[in-house]
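Visitor: Sharing a structure below in structure tokens format, with a few things to ask.
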Amino acid sequence: MSDITLQGAKKLNITLPPETEAAFEAYYDLLSTHGENVNLTAISGAESVAHLHFLDSIALLTIADFKTAKVIDIGSGAGFPGVPLKLAEPSVDLTLLDATRKRIDFLEHLCALINIDAACIHARAEEAAHTADMREQYDICVSRAVAKLNSLCELCLPFVKPQGLFIAMKSVNSEDELRAAHRAIEALGAQLHKCVDYTIPDTDIVHRAVIIKKTSKTSERYPRRFARIQKSPL
Ligand code: SAM
């Protein structure tokens with residue numbers, strides 16, 4: 001599995017630090033033994049995990065500059081994309097946030113096992129975003145498979161510093177979602193920067209990174225309570 005990841009990384013022009021091979025292997029083993037028990041991921045098998053989790057996550061390094069960036073992964077689940085990003089770019093200052101206790105327990109266990117330093121926070125994004133030590137504190141916010149883009153922007157953009165980036169990992173069929181999120185992006189003090197479609201190495205799978213740039217502070221009104229966000233998205 002780690003060989004598929006290493007070779008794939010090379011094709012993305014990413015040189016993985018030598019110690020990451022063992023870390024990806026241990027990550028895979030933990031996902032295989034614990035992932036299913038706690039509903040962490042539906043993806044299994046060495047090849048699928050390498051392609052759809054590890055390489056999909058680190059592909060973001062080809063899209064933005066993560067060196068020494070303060071990064072938060074919202075709704076990280078079993079650690080995607082945040083943990084592979086940190087393994088591939090150790091200078092990232094990483095925070096993993098998830099609303100589910102058992103997923104945070106998994107992430108704490110994982111980080112200790114593979115020896116990475118990351119803050120693992122058990123909280124709902126819409127609540128954590130109103131705390132002074134997290135609001136507008138991050139250079140980059142990343143998120144995959146958490147919510148539709150209009151709601152996701154409200155959950156994520158308040159964490160981003162003005163001039164920072166929010167990168168939403170989406171499918172290439174996200175045109176409608178993107179159209180529906182334009183108003184939200186603007187209301188939250190941001191602008192759509194660009195969409196980058198990337199191919200996962202050795203597959204014909206193409207995914208999309210939607211890159212949104214924060215241009216000014218987000219109004220204290222946002223994020224609203226989750227029920228409100230869902231009932232009337234911006
Ligand atoms: N990002 C991971 C991935 O791509 O494999 C996990 C995706 S999983 C489908 C969605 C995760 O988002 C779950 O772990 C869930 O607990 C978390 N989540 C959903 N809404 C959230 C919220 N409002 N605040 C924090 N976490 C949330």
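By order of appearance in the structure tokens: chains A, B, ..., then residues from 1 within every chain, and ligands from 1 in the order shown.
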If we count only C-alpha atoms and set the cut-off at 8 Å, which residues sit around Ala180 in chain A, ignoring sequence neighbours fewer than 4 positions away in its own chain? Please answer as number ranges by chain.

Guide: A: 149-150, 176

Visitor: Where in range 138-187 of chain A does DSSP assign strand (DSSP E or B), given as a CSV table (one decimal) with N, CA, C and O atoms, in the first residue's frame?

Guide:
chain,number,residue,atom,x,y,z
A,138,TYR,N,-6.7,30.7,10.8
A,138,TYR,CA,-6.0,29.7,10.0
A,138,TYR,C,-5.7,30.3,8.6
A,138,TYR,O,-6.5,31.0,8.0
A,139,ASP,N,-4.5,29.9,8.1
A,139,ASP,CA,-4.1,30.3,6.7
A,139,ASP,C,-4.9,29.5,5.7
A,139,ASP,O,-5.3,30.1,4.7
A,140,ILE,N,-5.1,28.2,6.0
A,140,ILE,CA,-5.9,27.4,5.0
A,140,ILE,C,-6.9,26.5,5.8
A,140,ILE,O,-6.5,25.9,6.8
A,141,CYS,N,-8.1,26.5,5.3
A,141,CYS,CA,-9.1,25.5,5.8
A,141,CYS,C,-9.3,24.5,4.7
A,141,CYS,O,-9.5,24.9,3.5
A,142,VAL,N,-9.3,23.2,5.0
A,142,VAL,CA,-9.7,22.2,4.0
A,142,VAL,C,-10.8,21.4,4.5
A,142,VAL,O,-11.1,21.3,5.7
A,143,SER,N,-11.6,20.8,3.6
A,143,SER,CA,-12.7,20.0,4.0
A,143,SER,C,-13.1,19.1,2.8
A,143,SER,O,-13.2,19.5,1.7
A,144,ARG,N,-13.4,17.8,3.2
A,144,ARG,CA,-13.9,16.9,2.1
A,144,ARG,C,-15.1,16.1,2.7
A,144,ARG,O,-15.1,15.6,3.8
A,160,VAL,N,-11.0,31.1,8.6
A,160,VAL,CA,-9.9,31.5,7.7
A,160,VAL,C,-9.5,33.0,8.0
A,160,VAL,O,-10.4,33.8,8.0
A,161,LYS,N,-8.2,33.2,8.0
A,161,LYS,CA,-7.8,34.6,8.2
A,161,LYS,C,-8.1,35.4,6.9
A,161,LYS,O,-8.0,34.8,5.8
A,162,PRO,N,-8.3,36.7,6.9
A,162,PRO,CA,-8.4,37.4,5.7
A,162,PRO,C,-7.1,37.2,4.9
A,162,PRO,O,-6.1,37.1,5.4
A,163,GLN,N,-7.3,37.0,3.6
A,163,GLN,CA,-6.3,36.7,2.6
A,163,GLN,C,-5.9,35.2,2.6
A,163,GLN,O,-5.1,34.7,1.8
A,164,GLY,N,-6.5,34.4,3.5
A,164,GLY,CA,-6.3,33.0,3.6
A,164,GLY,C,-7.2,32.2,2.6
A,164,GLY,O,-8.0,32.9,1.9
A,165,LEU,N,-7.1,30.9,2.6
A,165,LEU,CA,-7.8,30.1,1.6
A,165,LEU,C,-8.7,29.1,2.3
A,165,LEU,O,-8.3,28.5,3.3
A,166,PHE,N,-9.8,28.8,1.6
A,166,PHE,CA,-10.6,27.7,2.0
A,166,PHE,C,-10.6,26.8,0.7
A,166,PHE,O,-11.0,27.2,-0.4
A,167,ILE,N,-10.2,25.5,0.9
A,167,ILE,CA,-10.2,24.6,-0.2
A,167,ILE,C,-11.2,23.5,0.1
A,167,ILE,O,-11.0,22.7,1.0
A,168,ALA,N,-12.2,23.4,-0.8
A,168,ALA,CA,-13.3,22.4,-0.6
A,168,ALA,C,-13.0,21.3,-1.7
A,168,ALA,O,-12.8,21.6,-2.8
A,169,MET,N,-12.9,20.1,-1.2
A,169,MET,CA,-12.7,19.0,-2.1
A,169,MET,C,-14.0,18.4,-2.6
A,169,MET,O,-14.8,17.9,-1.8
A,170,LYS,N,-14.2,18.5,-3.9
A,170,LYS,CA,-15.5,18.2,-4.5
A,170,LYS,C,-15.3,17.3,-5.7
A,170,LYS,O,-14.2,17.0,-6.2
A,171,SER,N,-16.4,16.8,-6.2
A,171,SER,CA,-16.4,16.0,-7.5
A,171,SER,C,-16.4,17.0,-8.7
A,171,SER,O,-16.7,18.2,-8.5

Visitor: Can you tell me which residues come within 8 Å of ligand 1 when counting only C-alpha atoms and all ligand atoms, ideally as a ChimeraX atom specification?

Guide: /A:40-41,53,73-81,97-100,103,122-126,143-147,155,226

Visitor: Using only C-alpha atoms for the distances, tell me which of A:Asp3, A:Glu89, A:Asp105, A:Glu220 is nearest to Phe66 in chain A.

Guide: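 When distances to Phe66 in chain A are compared using only C-alpha atoms, the smallest one comes from A:Glu89.
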
Visitor: Quick one: everything within 10 Å of range 112-120 of chain A, counting only C-alpha atoms, minus sequence neighbours fewer than 6 positions away in the same chain. Send it as JSON, numbers by chain.

Guide: {"A": [19, 20, 22, 23, 24, 25, 26, 27, 30, 71, 72, 73, 76, 79, 82, 83, 86, 87, 90, 92, 93, 94, 95, 96, 97, 98, 103, 104, 105, 106]}

Visitor: Please, which residues of range 18-232 of chain A, numbered as in this document, come out helix (DSSP H, G or I) from DSSP, as a ChimeraX atom specification?

Guide: /A:20-35,46-62,82-88,101-113,125-128,149-159,175-187,226-231

Visitor: To one decimal place in Å, what is the distance between CA of Leu85 in chain A and CA of Leu188 in chain A?

Guide: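 About the pair CA of Leu85 in chain A and CA of Leu188 in chain A: they are 26.1 Å apart.
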
Visitor: Go through A:Ser151, A:Ile205, A:Ser232, A:Lys11 one by one, measure the shortest atom-to-atom distance of each to Ser48 in chain A using only C-alpha atoms, and give the residue with the smallest value.

Guide: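 For Ser48 in chain A, the nearest of the given residues is A:Ile205.
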
Visitor: Point out the residue among A:Arg179, A:Leu61, A:Thr203, A:Val210 with the least atom-to-atom distance to Glu47 in chain A, counting only C-alpha atoms.

Guide: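 For Glu47 in chain A, the nearest of the given residues is A:Thr203.
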
Visitor: Identify, on the basis of only C-alpha atoms, every residue whose closest approach to Leu234 in chain A does not exceed 12 Å; exclude the query and any residue fewer than 6 positions from it along the same chain; express the result as a list in words.

Guide: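 Skipping anything fewer than 6 positions along the chain leaves Lys148, Leu149, Asn150, Ser151, Leu152, Cys153, Glu154, Leu155, Ala180, Ala181, His182, Arg183, Ala184, Ile185, Glu186, Ala187, Leu188, Arg221, Tyr222, Pro223, Arg224 and Arg228 of chain A.
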
Visitor: Go through A:Asp133, A:Lys231, A:Thr5, A:Cys156 and flag the residue nearest Glu21 in chain A, using only C-alpha atoms for the distances.

Guide: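 Smallest distance to Glu21 in chain A is found for A:Thr5.
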
Visitor: For a quick check of understanding, using only C-alpha atoms, which of A:Thr215, A:Ala132, A:Val196, A:Ser91 has the smallest distance to Thr68 in chain A?

Guide: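 Among the listed residues, A:Ser91 lies closest to Thr68 in chain A.
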
Visitor: Tell me, as a PyMOL selection string, which residues lie within 10 Å of Leu12 in chain A, counting only C-alpha atoms; anything in the same chain fewer than 5 positions away does not count.

Guide: chain A and resi 6-7+55+58-62+198-201

Visitor: Select, from A:Pro158, A:Ile211, A:Gln230, A:Gly45, the residue with the minimum atom-to-atom distance to Leu178 in chain A, counting only C-alpha atoms.

Guide: A:Ile211

Visitor: One decimal, Å: what's the distance from CA of Ala46 in chain A over to CA of Thr15 in chain A, could you say?

Guide: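 Answer for the CA of Ala46 in chain A to CA of Thr15 in chain A separation: 20.5 Å.
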
Visitor: Find the distance between CA of Lys214 in chain A and CA of Ile63 in chain A and write it in Å to one decimal.

Guide: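 Value for the CA of Lys214 in chain A-CA of Ile63 in chain A distance: 16.6 Å.
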